[in-house]
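See structure below.
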Amino acid sequence: MMYGAEPADSERTAFRRAEKRYKLYKTPNPKSRKKLTHSPTDLSDVVDFQSILESFERSGDTPPGVYRFQCPGFNRPVFCFADRPGFYFIPSALTVEEQCHWIRETLTTFPQPPNRTSLTAIYGPIVDLFDAAQSQKSLIETQSLGADAEHETSNGENSLHTPKYIFSEATDNAHMGESCKPIAASILLRKLRWSTLGLQFDWSKRNYDASLPHNKIPAALCLLAKRMAVPAMSSGEEFLPEAAIVNYFGPSDMLGGHLDDMEADWSKPIVSISLGCKAIFLLGGKSREDNPIAMFLHSGDIVLMAGQARECFHGVPRIFTDDEHADVATLLSHFSGKDNCCFMDYIRYSRININIRQEIRRAWSRILIRVILWSKPLPASLAGDLHASGIEPSGGHLLHPLHLLHLFSGSLPHQPSSCKLFFGQLQLSSCQLPHSLSISLVYSGKSDLFCTLLLKRLRISHVAPSLFV
Ligand SMILES: O=C(O)CCC(=O)C(=O)O
Ligand SMILES: [Fe+2]
């Protein structure tokens, strides 16, 4: 969309106006007819935690509205905004060596199958994309190649996940025809927008699909996230990473305002790591109408969003790749040397974000359990029915409310004797019982009470109120 040509509609909210204020605009360069130049952006209102940290270390002071969060045992200063509870900023959380390590990982190991990437839907699983870019290979459809190439596809993949495309030295497509045009790996690497670690996110359905093949989150990343999540965790609680999304940003990319709502328990933080070129992060409020706070994200900064901050719109309207603002000189100096030039070339004009999550709401399995909460003896026909469907557990009393509530919440808010006859259906996630639970009551004497109770106690992710009678 061109500057100034957007419909008034899109400018309606405060969040959208802030995005427009900070996004990259290219205008014709007065000195050269062909080239475009970037129009200057007023950055005077952008909070810079790098300089807040410096002045805090010098004088112990923080600017109005920002305070240092005391977190015993955490060895980095953490800052918070007075009016955005649940948001934590850890400036320079990673050393430059750590940043280099994670940049390598995000480009080499993280996009490897079975992890899905933004390229998987088009090309199938792609193995060793970064290596291929480094050695100037091209991606070619497997049918268009002979036996030699087939050999390469047996790279540890089973037949189900055999790549449709593979990398080849060949770039001459004269004999292949237009439909099989090779695509340079370096171009694909630039097109890589995201990869997912741990439980795989299915963007078409906007949920995590536990049935997709996946590995656990790499142990070192898990450890880092646990260590960094501490300021946002209640004391004694540990962050348990289950999935991570890696975002790759090129010079004119942006991430529009959004909420991350695919996790069942919003009290758990999202741990978000910034690598590479500096960016502007917008932290809005619970409505798009709330004025967002703009702040810089530098390479090595970590942000935590937990509790109320999980309900705040946020986004990244701008990546700086120009020498004046990108702030990657130190990083680039660590990537000097022949073996590193590909990393250096990439990160000079890119930003990478790794965000790590817990309590993923899984796609529903097909296990359907009818649950009956009763205060009287269970009618024999119903008991027999349940028994026949093979859902009665050993011990026989699962469907007693006491048992159910203990199983999922460890507490019992009211006595079974005060329950009316409740008859409902529970649909359970097969992977992780307490985290994902959906219930629709088909009959209930006090369905609203029951619903509130389940929502509160059992972390029900979704209730279809229309089904309540
Ligand atoms: O890139 C960032 O810093 C934020 C990423 C983010 O909000 C997301 O992936 O949901
Ligand atoms: Fe997000």
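Identifiers for the structure tokens are assigned positionally: chains receive A, B, ... in sequence, residues are indexed from 1 per chain, and ligands are indexed from 1 in the order shown.
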Please return as a ChimeraX atom specification the residues found within 9 Å of ligand 1, counting only C-alpha atoms and all ligand atoms. /A:194,244-249,254-260,270,272-274,279-281,297,302-303,313-316,351-355
Could you pull the residues within 7 Å of region 92-101 of chain A, counting only C-alpha atoms, minus those fewer than 4 positions along the same chain, as a tab-separated table (two decimals) with N, CA and C atoms, in the first residue's frame?
chain	number	residue	atom	x	y	z
A	76	ARG	N	20.13	-9.70	36.32
A	76	ARG	CA	20.08	-8.56	35.39
A	76	ARG	C	19.02	-7.57	35.86
A	105	GLU	N	21.73	-20.67	15.51
A	105	GLU	CA	20.72	-21.71	15.71
A	105	GLU	C	19.44	-21.43	14.93
A	275	LEU	N	17.02	-10.46	18.34
A	275	LEU	CA	18.37	-10.67	17.79
A	275	LEU	C	18.50	-9.86	16.51
A	300	GLY	N	19.67	-8.81	21.79
A	300	GLY	CA	20.04	-9.26	23.14
A	300	GLY	C	19.03	-8.87	24.20
A	301	ASP	N	18.06	-8.00	23.85
A	301	ASP	CA	17.00	-7.65	24.82
A	301	ASP	C	16.00	-8.79	24.92
A	302	ILE	N	15.44	-8.93	26.11
A	302	ILE	CA	14.37	-9.93	26.30
A	302	ILE	C	13.17	-9.26	26.94
A	331	LEU	N	27.80	-6.80	16.90
A	331	LEU	CA	27.38	-8.15	16.49
A	331	LEU	C	28.13	-8.57	15.22
Listing only residues of region 172-236 of chain A within 10 Å of region 116-138 of chain A, what is the closest atom pair and its distance in Å (to one decimal) for each, using only C-alpha atoms, sorted by chain and residue number ascending, as a Markdown table?
| residue | atom | partner | partner_atom | distance |
| --- | --- | --- | --- | --- |
| A:Asp172 | CA | A:Ser138 | CA | 9.8 |
| A:Lys181 | CA | A:Ser138 | CA | 9.4 |
| A:Pro182 | CA | A:Ser138 | CA | 5.6 |
| A:Ile183 | CA | A:Ser138 | CA | 5.1 |
| A:Ala184 | CA | A:Ser138 | CA | 4.2 |
| A:Ala185 | CA | A:Ala133 | CA | 4.5 |
| A:Ser186 | CA | A:Ala133 | CA | 4.4 |
| A:Ile187 | CA | A:Ala133 | CA | 8.0 |
| A:Leu188 | CA | A:Leu129 | CA | 7.9 |
| A:Leu189 | CA | A:Leu129 | CA | 6.8 |
| A:Arg190 | CA | A:Ala133 | CA | 9.7 |
| A:Lys191 | CA | A:Leu119 | CA | 7.9 |
| A:Leu192 | CA | A:Ser118 | CA | 6.0 |
| A:Arg193 | CA | A:Ser118 | CA | 5.7 |
| A:Trp194 | CA | A:Ser118 | CA | 5.4 |
| A:Ser195 | CA | A:Thr117 | CA | 4.0 |
| A:Thr196 | CA | A:Arg116 | CA | 5.7 |
| A:Leu197 | CA | A:Arg116 | CA | 7.9 |
| A:Gly198 | CA | A:Arg116 | CA | 10.0 |
| A:Leu199 | CA | A:Arg116 | CA | 9.9 |
| A:Gln200 | CA | A:Arg116 | CA | 6.9 |
| A:Phe201 | CA | A:Arg116 | CA | 8.1 |
| A:Asp202 | CA | A:Arg116 | CA | 8.8 |
| A:Trp203 | CA | A:Ser118 | CA | 9.3 |
| A:Leu212 | CA | A:Arg116 | CA | 9.3 |
| A:Pro213 | CA | A:Arg116 | CA | 9.4 |
| A:His214 | CA | A:Arg116 | CA | 8.8 |
Excluding Leu221 (chain A) and any residue of its chain fewer than 5 positions from it, enumerate the residues within 9 Å of it, using only C-alpha atoms, and give them as JSON, numbers by chain. {"A": [102, 226, 241, 356]}
Suppose we keep C-alpha atoms; can you now write the selection as a short mmCIF file (atom, residue, chain, number, x, y, z; two decimals), in the first residue's frame?
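Result saved to out-v6.cif:
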data_model
loop_
_atom_site.label_atom_id
_atom_site.label_comp_id
_atom_site.auth_asym_id
_atom_site.auth_seq_id
_atom_site.Cartn_x
_atom_site.Cartn_y
_atom_site.Cartn_z
CA TRP A 102 21.20 -18.05 18.90
CA LYS A 226 13.27 -20.82 32.21
CA PRO A 241 8.39 -24.14 27.56
CA ILE A 356 8.73 -19.12 23.77
#
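Counting only C-alpha atoms and all ligand atoms, the residue from A:Lys26, A:His334, A:His38, A:Arg310 that sits nearest to ligand 2 is A:Arg310.
Considering only C-alpha atoms, the residue among A:Ala306, A:Val271, A:Tyr67, A:Ile140 positioned nearest to Lys164 (chain A) is A:Ile140.
Nearest-residue note for ligand 2: choosing from A:Leu240, A:Val66, A:Ala309, A:Met295, the minimum distance belongs to A:Ala309, counting only C-alpha atoms and all ligand atoms.
Counting only C-alpha atoms and all ligand atoms, the residue from A:Met262, A:Glu238, A:Ile103, A:Ser252 that sits nearest to ligand 2 is A:Met262.
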